[in-house]
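Take a look at the structure set out below.
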Amino acid sequence: MADTEFTGWSGRNGNGNGNGDNTITFSNVRILDATGEEPYLGEVTVQGNRIKTVTRSGSSMNWGGSSDRRIDGRGMTLMPGLCDAHLHLSWNNAPGIDPIQMMPLEEHTVNCILMAKLLLDSGFTSGCGAAAAKPRLDVVIRNAINAGQVPGPRYTAAGPELTAVGGLGDATLPHIPHEGLNLGIVCSGPEDVRRKVRELMKWGVDTIKINLSGEEITGMGAEENQFSDEEIAMACKEAKNRGRKLAAHARSKESIKKCVEFGIERIYHASFHDEEALDMLEANKDKHFVAPGIAWLINTARNAAEYGIVPGTPITIAYERELEHAIDTMQKMRKRGIRILIGGDYGFAWTPHGTNAKDLEYFVDMIGFTPMEAIQAATKYGGQIMGMGEELGQIKEGYLADMLLVDGDPVRDVRVLQDHSRIVAIMKDGKFHKAPENAPAGLRLSA
Ligand SMILES: [Zn+2]
């Protein structure tokens, strides 16, 4: 990165979590490799932080190696760690956007540490930051995770979303012209956008996220659009100049088209469509990822009554309508082979962090994914959206050893992944965050 970048105390890409030359072998496991193939019996050997061998039962198994580095999987499922494509580690399970934003920075930093651990405890070994509540929260937690200071998923850091004056995330009041209450970074005009994007990159974000459409709960309709083409183009140009990823809050059909037109790879929500939007996306499907955030729609519409969002009122009726559109849109995108990923905008009181794996169930039940497709939406495509598709998200020789040992068969019932007690082992980067109970003593030390 450019030498002018502010990297805080621990650097931007601290790493070095390997096991040295040590090997760990999982034998007697059902390997769910996330290539799309049905699980098969075999064993997987990890050396350092990578998968060294994947051996099918029946072929010449490697029974060598020290027994103190061998784990008997007892027929359980070994699969890649999960990826949440729309993750906010700075959302603090509060009942609304304001209490997230109002949390003082000191408490908020601690809360991010707790959420990062909770995500890893839940089997999520990677995640894409989809906006932070304060400029450097994501950056700091990413650096601390990479440096091995705190447990958490691999994480691409975002800053606050860029928003237009009066757009989603601009909570400025006429009598309090201070920007501190805003969830977004308010900008107006291309030059202002340029400056704000450069500032965020200076603070160390990996991803620039721009709010292209509204959000019902804020009073700005989901189908409203807020930025001019000149502003969008500027944000994208500046981010690409510095090799950053682009993401957009894009609920409206017009905003989906803008994502394709300007090359914004991570399209969040994409609830509303027309044929043109689908055609444009399909023609560029290798460049884009869609994460609909379906959990937010379902639970805000139906399960937030105790927080004052009562079914049958205008706001929930609006979310029910959007949910109906989103399901239709996702079904059509699935048929067109567009990559759709899990990541449900978790981190509100009615969608708490730790329940993120519910998205797989929603994909199966509401969009019509097969369980295998839902698993790939959480693993294989997760590796790809992290920009690491050639080394993350599948169980293959040479891939990074981010894996879960699951007491159950997610291909038969994806809900097993919601039960943390059934995820008996969690390995990230070749190290156990959670070791299986029958692991030899030397392997049970957590990373
Ligand atoms: Zn979000």
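Each chain of the structure tokens is named A, B, ... in the order shown, its residues numbered from 1; ligands are numbered from 1 in display order.
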As an mmCIF file with N, CA and C atoms, in the first residue's frame, please: the residues near region 159-169 of chain A (cut-off 9 Å, only C-alpha atoms, same-chain neighbours under 4 positions excluded).
data_model
loop_
_atom_site.group_PDB
_atom_site.id
_atom_site.type_symbol
_atom_site.label_atom_id
_atom_site.label_comp_id
_atom_site.auth_asym_id
_atom_site.auth_seq_id
_atom_site.Cartn_x
_atom_site.Cartn_y
_atom_site.Cartn_z
ATOM 1 N N GLY A 129 -16.817 -6.816 5.677
ATOM 2 C CA GLY A 129 -17.358 -5.644 6.339
ATOM 3 C C GLY A 129 -18.246 -4.874 5.367
ATOM 4 N N ALA A 130 -19.476 -4.630 5.820
ATOM 5 C CA ALA A 130 -20.439 -3.963 4.940
ATOM 6 C C ALA A 130 -20.837 -2.621 5.536
ATOM 7 N N ALA A 131 -19.917 -1.932 6.095
ATOM 8 C CA ALA A 131 -20.040 -0.603 6.719
ATOM 9 C C ALA A 131 -19.801 -0.684 8.212
ATOM 10 N N ALA A 132 -19.059 0.285 8.687
ATOM 11 C CA ALA A 132 -18.754 0.404 10.110
ATOM 12 C C ALA A 132 -19.485 1.615 10.667
ATOM 13 N N ALA A 133 -19.793 1.557 11.963
ATOM 14 C CA ALA A 133 -20.557 2.644 12.572
ATOM 15 C C ALA A 133 -19.698 3.886 12.824
ATOM 16 N N LYS A 134 -18.391 3.689 12.883
ATOM 17 C CA LYS A 134 -17.480 4.818 13.085
ATOM 18 C C LYS A 134 -16.255 4.582 12.199
ATOM 19 N N PRO A 135 -15.538 5.649 11.836
ATOM 20 C CA PRO A 135 -14.574 5.501 10.736
ATOM 21 C C PRO A 135 -13.568 4.372 10.869
ATOM 22 N N ARG A 136 -13.008 4.129 12.058
ATOM 23 C CA ARG A 136 -11.909 3.164 12.128
ATOM 24 C C ARG A 136 -12.240 1.884 12.898
ATOM 25 N N LEU A 137 -13.494 1.680 13.276
ATOM 26 C CA LEU A 137 -13.819 0.476 14.046
ATOM 27 C C LEU A 137 -13.456 -0.795 13.287
ATOM 28 N N ASP A 138 -13.888 -0.878 12.028
ATOM 29 C CA ASP A 138 -13.589 -2.081 11.249
ATOM 30 C C ASP A 138 -12.087 -2.252 11.048
ATOM 31 N N VAL A 139 -11.426 -1.144 10.785
ATOM 32 C CA VAL A 139 -9.986 -1.187 10.508
ATOM 33 C C VAL A 139 -9.232 -1.723 11.725
ATOM 34 N N ASN A 182 -24.635 10.999 12.455
ATOM 35 C CA ASN A 182 -24.894 10.320 11.195
ATOM 36 C C ASN A 182 -24.233 8.951 11.158
ATOM 37 N N LEU A 183 -24.969 7.996 10.633
ATOM 38 C CA LEU A 183 -24.366 6.693 10.403
ATOM 39 C C LEU A 183 -23.506 6.731 9.140
ATOM 40 N N GLY A 184 -23.883 7.575 8.216
ATOM 41 C CA GLY A 184 -23.131 7.681 6.972
ATOM 42 C C GLY A 184 -22.191 8.879 6.991
ATOM 43 N N ILE A 185 -21.303 8.904 5.992
ATOM 44 C CA ILE A 185 -20.464 10.070 5.771
ATOM 45 C C ILE A 185 -21.130 10.856 4.654
ATOM 46 N N VAL A 186 -21.619 12.038 5.010
ATOM 47 C CA VAL A 186 -22.433 12.796 4.066
ATOM 48 C C VAL A 186 -21.524 13.532 3.096
ATOM 49 N N CYS A 187 -21.774 13.374 1.807
ATOM 50 C CA CYS A 187 -20.996 14.120 0.825
ATOM 51 C C CYS A 187 -21.894 14.642 -0.284
ATOM 52 N N SER A 188 -21.432 15.673 -0.927
ATOM 53 C CA SER A 188 -22.222 16.302 -1.970
ATOM 54 C C SER A 188 -21.301 16.810 -3.071
ATOM 55 N N GLY A 189 -21.496 16.274 -4.260
ATOM 56 C CA GLY A 189 -20.682 16.681 -5.397
ATOM 57 C C GLY A 189 -19.433 15.831 -5.521
ATOM 58 N N VAL A 193 -16.984 13.904 -2.679
ATOM 59 C CA VAL A 193 -16.901 12.446 -2.661
ATOM 60 C C VAL A 193 -15.444 12.005 -2.730
ATOM 61 N N LYS A 196 -13.777 12.462 0.655
ATOM 62 C CA LYS A 196 -14.232 11.524 1.688
ATOM 63 C C LYS A 196 -13.700 10.108 1.412
ATOM 64 N N VAL A 197 -13.679 9.724 0.155
ATOM 65 C CA VAL A 197 -13.156 8.396 -0.187
ATOM 66 C C VAL A 197 -11.668 8.321 0.156
ATOM 67 N N LEU A 200 -11.202 7.922 3.888
ATOM 68 C CA LEU A 200 -11.472 6.558 4.353
ATOM 69 C C LEU A 200 -10.313 5.623 4.010
ATOM 70 N N MET A 201 -9.769 5.788 2.832
ATOM 71 C CA MET A 201 -8.640 4.931 2.441
ATOM 72 C C MET A 201 -7.424 5.231 3.305
ATOM 73 N N TRP A 203 -7.586 6.069 6.386
ATOM 74 C CA TRP A 203 -7.800 5.378 7.667
ATOM 75 C C TRP A 203 -7.597 3.874 7.542
ATOM 76 N N GLY A 204 -7.526 3.351 6.326
ATOM 77 C CA GLY A 204 -7.162 1.947 6.166
ATOM 78 C C GLY A 204 -8.261 0.990 5.748
ATOM 79 N N VAL A 205 -9.384 1.503 5.235
ATOM 80 C CA VAL A 205 -10.458 0.574 4.862
ATOM 81 C C VAL A 205 -10.080 -0.231 3.619
ATOM 82 N N ASP A 206 -10.646 -1.430 3.529
ATOM 83 C CA ASP A 206 -10.489 -2.260 2.337
ATOM 84 C C ASP A 206 -11.581 -1.971 1.319
ATOM 85 N N THR A 207 -12.730 -1.540 1.830
ATOM 86 C CA THR A 207 -13.930 -1.436 1.006
ATOM 87 C C THR A 207 -14.556 -0.052 1.126
ATOM 88 N N ILE A 208 -14.909 0.514 -0.004
ATOM 89 C CA ILE A 208 -15.692 1.746 -0.019
ATOM 90 C C ILE A 208 -17.135 1.356 -0.326
ATOM 91 N N LYS A 209 -18.031 1.717 0.580
ATOM 92 C CA LYS A 209 -19.446 1.397 0.368
ATOM 93 C C LYS A 209 -20.235 2.677 0.173
ATOM 94 N N ILE A 210 -21.095 2.648 -0.812
ATOM 95 C CA ILE A 210 -21.867 3.835 -1.161
ATOM 96 C C ILE A 210 -23.355 3.489 -1.117
ATOM 97 N N ASN A 211 -24.120 4.360 -0.475
ATOM 98 C CA ASN A 211 -25.558 4.133 -0.363
ATOM 99 C C ASN A 211 -26.259 4.677 -1.603
ATOM 100 N N LEU A 212 -26.617 3.781 -2.495
ATOM 101 C CA LEU A 212 -27.245 4.230 -3.750
ATOM 102 C C LEU A 212 -28.753 4.343 -3.636
ATOM 103 N N SER A 213 -29.341 3.576 -2.726
ATOM 104 C CA SER A 213 -30.800 3.642 -2.589
ATOM 105 C C SER A 213 -31.155 3.857 -1.120
ATOM 106 N N GLY A 214 -32.445 3.979 -0.860
ATOM 107 C CA GLY A 214 -32.911 4.250 0.494
ATOM 108 C C GLY A 214 -33.157 2.988 1.299
ATOM 109 N N GLU A 215 -33.840 3.176 2.424
ATOM 110 C CA GLU A 215 -34.099 2.096 3.389
ATOM 111 C C GLU A 215 -35.349 2.512 4.140
ATOM 112 N N THR A 218 -35.647 4.185 7.699
ATOM 113 C CA THR A 218 -35.107 5.532 7.904
ATOM 114 C C THR A 218 -36.022 6.613 7.353
ATOM 115 N N GLY A 219 -37.107 6.189 6.714
ATOM 116 C CA GLY A 219 -38.014 7.166 6.136
ATOM 117 C C GLY A 219 -37.711 7.500 4.688
ATOM 118 N N MET A 220 -36.595 6.974 4.197
ATOM 119 C CA MET A 220 -36.269 7.153 2.777
ATOM 120 C C MET A 220 -36.551 5.847 2.065
ATOM 121 N N ASN A 225 -33.441 6.777 -5.118
ATOM 122 C CA ASN A 225 -31.998 6.799 -5.445
ATOM 123 C C ASN A 225 -31.442 8.158 -5.048
ATOM 124 N N GLN A 226 -30.186 8.183 -4.625
ATOM 125 C CA GLN A 226 -29.718 9.423 -4.002
ATOM 126 C C GLN A 226 -28.482 10.064 -4.608
ATOM 127 N N PHE A 227 -27.665 9.320 -5.306
ATOM 128 C CA PHE A 227 -26.425 9.914 -5.829
ATOM 129 C C PHE A 227 -26.529 10.180 -7.331
ATOM 130 N N ALA A 235 -16.440 8.150 -6.787
ATOM 131 C CA ALA A 235 -16.159 7.200 -5.700
ATOM 132 C C ALA A 235 -15.483 5.946 -6.255
ATOM 133 N N ALA A 248 -22.163 -1.504 -2.519
ATOM 134 C CA ALA A 248 -23.261 -0.541 -2.526
ATOM 135 C C ALA A 248 -24.474 -1.094 -1.800
ATOM 136 N N HIS A 249 -25.126 -0.198 -1.060
ATOM 137 C CA HIS A 249 -26.474 -0.469 -0.567
ATOM 138 C C HIS A 249 -27.391 -0.144 -1.744
#
- Contacts to ligand 1 at 8 Å cut-off (only C-alpha atoms and all ligand atoms) as a PyMOL selection string: chain A and resi 86-88+130-131+249+268+293+344-346
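Within the 7 Å cut-off around Leu89 (chain A), using only C-alpha atoms and omitting residues fewer than 4 positions from it on the same chain, the listed residues are Cys112, Met115 and Ala116 of chain A.
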Write out the residues from the selection above, keeping all heavy atoms, as a CSV table (one decimal), in the first residue's frame.
chain,number,residue,atom,x,y,z
A,112,CYS,N,-16.9,-4.5,19.5
A,112,CYS,CA,-16.5,-5.1,18.2
A,112,CYS,C,-15.6,-6.4,18.5
A,112,CYS,O,-15.7,-7.4,17.8
A,112,CYS,CB,-15.7,-4.1,17.4
A,112,CYS,SG,-16.6,-2.9,16.7
A,115,MET,N,-18.0,-9.2,19.3
A,115,MET,CA,-18.7,-9.6,18.2
A,115,MET,C,-17.8,-10.5,17.2
A,115,MET,O,-18.3,-11.5,16.7
A,115,MET,CB,-19.3,-8.5,17.4
A,115,MET,CG,-20.4,-7.7,18.1
A,115,MET,SD,-21.8,-8.8,18.6
A,115,MET,CE,-22.4,-7.9,20.0
A,116,ALA,N,-16.6,-10.1,17.1
A,116,ALA,CA,-15.7,-10.8,16.2
A,116,ALA,C,-15.5,-12.2,16.8
A,116,ALA,O,-15.5,-13.2,16.0
A,116,ALA,CB,-14.3,-10.1,16.2
- Task: Enter the distance from CA of Lys434 (chain A) to CA of Asp121 (chain A), in Å, rounded to one decimal.
- Result: 7.8 Å
- Can you pull out every residue within 6 Å of region 53-55 of chain A, counting only C-alpha atoms, but drop anything in the same chain fewer than 3 positions away, and send it as a list of chain:residue names?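 My list of contacting residues is A:Gly42, A:Glu43, A:Val44, A:Thr45, A:Glu397.
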- Cys259 (chain A) surroundings by only C-alpha atoms, 9 Å radius, close-in-sequence under 3 positions cut, as a list of chain:residue names: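 Answer for this query is A:Leu212, A:Ala247, A:Ala248, A:Ala250, A:Glu254, A:Ser255, A:Ile256, A:Phe262, A:Gly263, A:Ile264, A:Glu265, A:Arg266, A:Ile267, A:Leu281, A:His288.
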Mind dumping the selected residues with C-alpha atoms as a compact mmCIF listing (two decimals), in the first residue's frame?
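Resulting contents of part.txt:
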# COMPACT_ATOMS: atom_id res chain seq x y z
CA LEU A 212 -27.25 4.23 -3.75
CA ALA A 247 -19.84 -2.14 -2.33
CA ALA A 248 -23.26 -0.54 -2.53
CA ALA A 250 -28.63 -1.00 -3.63
CA GLU A 254 -31.90 1.54 -10.84
CA SER A 255 -29.22 1.13 -8.19
CA ILE A 256 -28.51 -2.44 -9.37
CA PHE A 262 -19.75 1.50 -12.59
CA GLY A 263 -18.28 -1.88 -11.64
CA ILE A 264 -19.37 -2.02 -7.99
CA GLU A 265 -18.72 -5.69 -7.28
CA ARG A 266 -20.59 -6.20 -4.01
CA ILE A 267 -24.29 -5.49 -4.49
CA LEU A 281 -26.16 -8.39 -14.12
CA HIS A 288 -20.49 -9.22 -9.16
- Selection near Val46 (chain A), 8 Å with only C-alpha atoms, sequence-local residues under 4 positions removed, as a ChimeraX atom specification: /A:23-25,50-53,401,430
Selected residues written out, C-alpha atoms, as a short mmCIF file (atom, residue, chain, number, x, y, z; two decimals), in the first residue's frame:
data_model
loop_
_atom_site.label_atom_id
_atom_site.label_comp_id
_atom_site.auth_asym_id
_atom_site.auth_seq_id
_atom_site.Cartn_x
_atom_site.Cartn_y
_atom_site.Cartn_z
CA THR A 23 0.65 -31.36 10.53
CA ILE A 24 -2.82 -32.21 11.79
CA THR A 25 -4.84 -35.02 10.20
CA ARG A 50 -2.93 -24.93 4.47
CA ILE A 51 -4.62 -28.14 3.44
CA LYS A 52 -1.88 -30.47 2.32
CA THR A 53 -3.78 -33.57 1.27
CA ALA A 401 -7.21 -24.48 6.37
CA GLY A 430 -4.56 -24.02 10.37
#
- Task: Apply DSSP to the structure's backbone, then extract all residues of region 228-334 of chain A labelled strand (DSSP E or B) and return them as JSON, numbers by chain.
- Result: {"A": [245, 246, 247, 248, 249, 250, 266, 267, 268, 269, 289, 290, 291]}
- Message: So that I can check the secondary structure, give me every residue of region 248-392 of chain A assigned helix (DSSP H, G or I) by backbone DSSP, as a PyMOL selection string.
- Response: chain A and resi 253-262+275-283+294-302+305-307+314-335+358-367+371-378+380-385
Give me a file of those residues, with C-alpha atoms, as an mmCIF file, in the first residue's frame.
data_model
loop_
_atom_site.group_PDB
_atom_site.id
_atom_site.type_symbol
_atom_site.label_atom_id
_atom_site.label_comp_id
_atom_site.auth_asym_id
_atom_site.auth_seq_id
_atom_site.Cartn_x
_atom_site.Cartn_y
_atom_site.Cartn_z
ATOM 1 C CA LYS A 253 -33.610 -1.635 -9.667
ATOM 2 C CA GLU A 254 -31.898 1.541 -10.840
ATOM 3 C CA SER A 255 -29.223 1.127 -8.190
ATOM 4 C CA ILE A 256 -28.515 -2.437 -9.369
ATOM 5 C CA LYS A 257 -27.928 -1.041 -12.850
ATOM 6 C CA LYS A 258 -25.569 1.587 -11.451
ATOM 7 C CA CYS A 259 -23.546 -1.148 -9.754
ATOM 8 C CA VAL A 260 -23.077 -2.921 -13.075
ATOM 9 C CA GLU A 261 -22.445 0.286 -14.998
ATOM 10 C CA PHE A 262 -19.754 1.498 -12.590
ATOM 11 C CA GLU A 275 -35.578 -7.332 -16.943
ATOM 12 C CA GLU A 276 -32.916 -4.819 -17.880
ATOM 13 C CA ALA A 277 -31.325 -4.995 -14.430
ATOM 14 C CA LEU A 278 -31.276 -8.801 -14.539
ATOM 15 C CA ASP A 279 -29.890 -8.852 -18.084
ATOM 16 C CA MET A 280 -27.124 -6.417 -17.193
ATOM 17 C CA LEU A 281 -26.165 -8.391 -14.121
ATOM 18 C CA GLU A 282 -26.284 -11.756 -15.880
ATOM 19 C CA ALA A 283 -24.039 -10.449 -18.657
ATOM 20 C CA ILE A 294 -32.865 -11.510 3.591
ATOM 21 C CA ALA A 295 -32.755 -11.982 7.387
ATOM 22 C CA TRP A 296 -33.148 -8.259 7.918
ATOM 23 C CA LEU A 297 -36.254 -8.101 5.737
ATOM 24 C CA ILE A 298 -37.920 -11.126 7.307
ATOM 25 C CA ASN A 299 -37.225 -10.248 10.903
ATOM 26 C CA THR A 300 -37.905 -6.532 10.626
ATOM 27 C CA ALA A 301 -41.238 -7.295 8.990
ATOM 28 C CA ARG A 302 -42.279 -10.077 11.339
ATOM 29 C CA ALA A 305 -42.753 -6.198 17.604
ATOM 30 C CA GLU A 306 -41.164 -6.108 21.039
ATOM 31 C CA TYR A 307 -38.985 -3.277 19.761
ATOM 32 C CA PRO A 314 -46.978 0.947 7.563
ATOM 33 C CA ILE A 315 -43.295 0.203 8.128
ATOM 34 C CA THR A 316 -43.732 -3.551 8.343
ATOM 35 C CA ILE A 317 -46.135 -3.534 5.418
ATOM 36 C CA ALA A 318 -43.389 -1.828 3.410
ATOM 37 C CA TYR A 319 -40.897 -4.511 4.481
ATOM 38 C CA GLU A 320 -43.324 -7.332 3.679
ATOM 39 C CA ARG A 321 -43.737 -5.851 0.214
ATOM 40 C CA GLU A 322 -39.989 -5.562 -0.239
ATOM 41 C CA LEU A 323 -39.485 -9.131 1.005
ATOM 42 C CA GLU A 324 -41.944 -10.380 -1.594
ATOM 43 C CA HIS A 325 -40.015 -8.547 -4.323
ATOM 44 C CA ALA A 326 -36.653 -9.689 -2.969
ATOM 45 C CA ILE A 327 -37.685 -13.362 -2.992
ATOM 46 C CA ASP A 328 -38.883 -13.033 -6.579
ATOM 47 C CA THR A 329 -35.688 -11.230 -7.594
ATOM 48 C CA MET A 330 -33.430 -13.803 -5.909
ATOM 49 C CA GLN A 331 -35.288 -16.712 -7.496
ATOM 50 C CA LYS A 332 -34.746 -15.148 -10.923
ATOM 51 C CA MET A 333 -31.100 -14.336 -10.228
ATOM 52 C CA ARG A 334 -30.504 -17.902 -9.036
ATOM 53 C CA LYS A 335 -31.905 -19.248 -12.313
ATOM 54 C CA LYS A 358 -29.946 -18.839 9.787
ATOM 55 C CA ASP A 359 -29.403 -17.326 6.352
ATOM 56 C CA LEU A 360 -28.800 -20.786 4.885
ATOM 57 C CA GLU A 361 -32.226 -21.893 6.100
ATOM 58 C CA TYR A 362 -33.825 -18.774 4.589
ATOM 59 C CA PHE A 363 -32.095 -19.447 1.267
ATOM 60 C CA VAL A 364 -33.475 -22.988 1.201
ATOM 61 C CA ASP A 365 -36.963 -22.265 2.495
ATOM 62 C CA MET A 366 -37.679 -18.911 0.896
ATOM 63 C CA ILE A 367 -35.592 -18.683 -2.268
ATOM 64 C CA PRO A 371 -29.001 -27.196 0.704
ATOM 65 C CA MET A 372 -25.817 -27.687 -1.345
ATOM 66 C CA GLU A 373 -26.366 -24.373 -3.124
ATOM 67 C CA ALA A 374 -26.924 -22.636 0.208
ATOM 68 C CA ILE A 375 -23.716 -24.172 1.561
ATOM 69 C CA GLN A 376 -21.783 -22.947 -1.477
ATOM 70 C CA ALA A 377 -23.335 -19.493 -1.012
ATOM 71 C CA ALA A 378 -21.753 -19.548 2.440
ATOM 72 C CA LYS A 380 -17.180 -21.261 -2.036
ATOM 73 C CA TYR A 381 -18.606 -17.886 -3.019
ATOM 74 C CA GLY A 382 -17.432 -16.531 0.318
ATOM 75 C CA GLY A 383 -13.859 -17.274 -0.681
ATOM 76 C CA GLN A 384 -14.475 -15.501 -3.960
ATOM 77 C CA ILE A 385 -16.007 -12.357 -2.474
#
- Task: Please provide as a PyMOL selection string all residues within 10 Å of Asp98 (chain A), with the sequence filter that same-chain residues fewer than 4 positions apart are discarded (counting only C-alpha atoms).
- Result: chain A and resi 94+102-103+171+181-183
- Query: Between A:Arg198, A:Arg56, A:Arg154, A:Arg74, which has the minimum distance to Leu405 (chain A) (counting only C-alpha atoms)?
  - Reply: A:Arg74
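Separating CA of Asn241 (chain A) from CA of Glu191 (chain A) is a distance of 15.4 Å.
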- Item | Length of the CA of Glu391 (chain A) to CA of Trp91 (chain A) vector [Å] |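 Atom-to-atom, CA of Glu391 (chain A) and CA of Trp91 (chain A) are spaced 28.8 Å apart.
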- Message: Taking only C-alpha atoms into account, name the residue in A:Ser122, A:Gly75, A:Arg70, A:Lys245 that is nearest to Asn28 (chain A).
- Response: A:Gly75
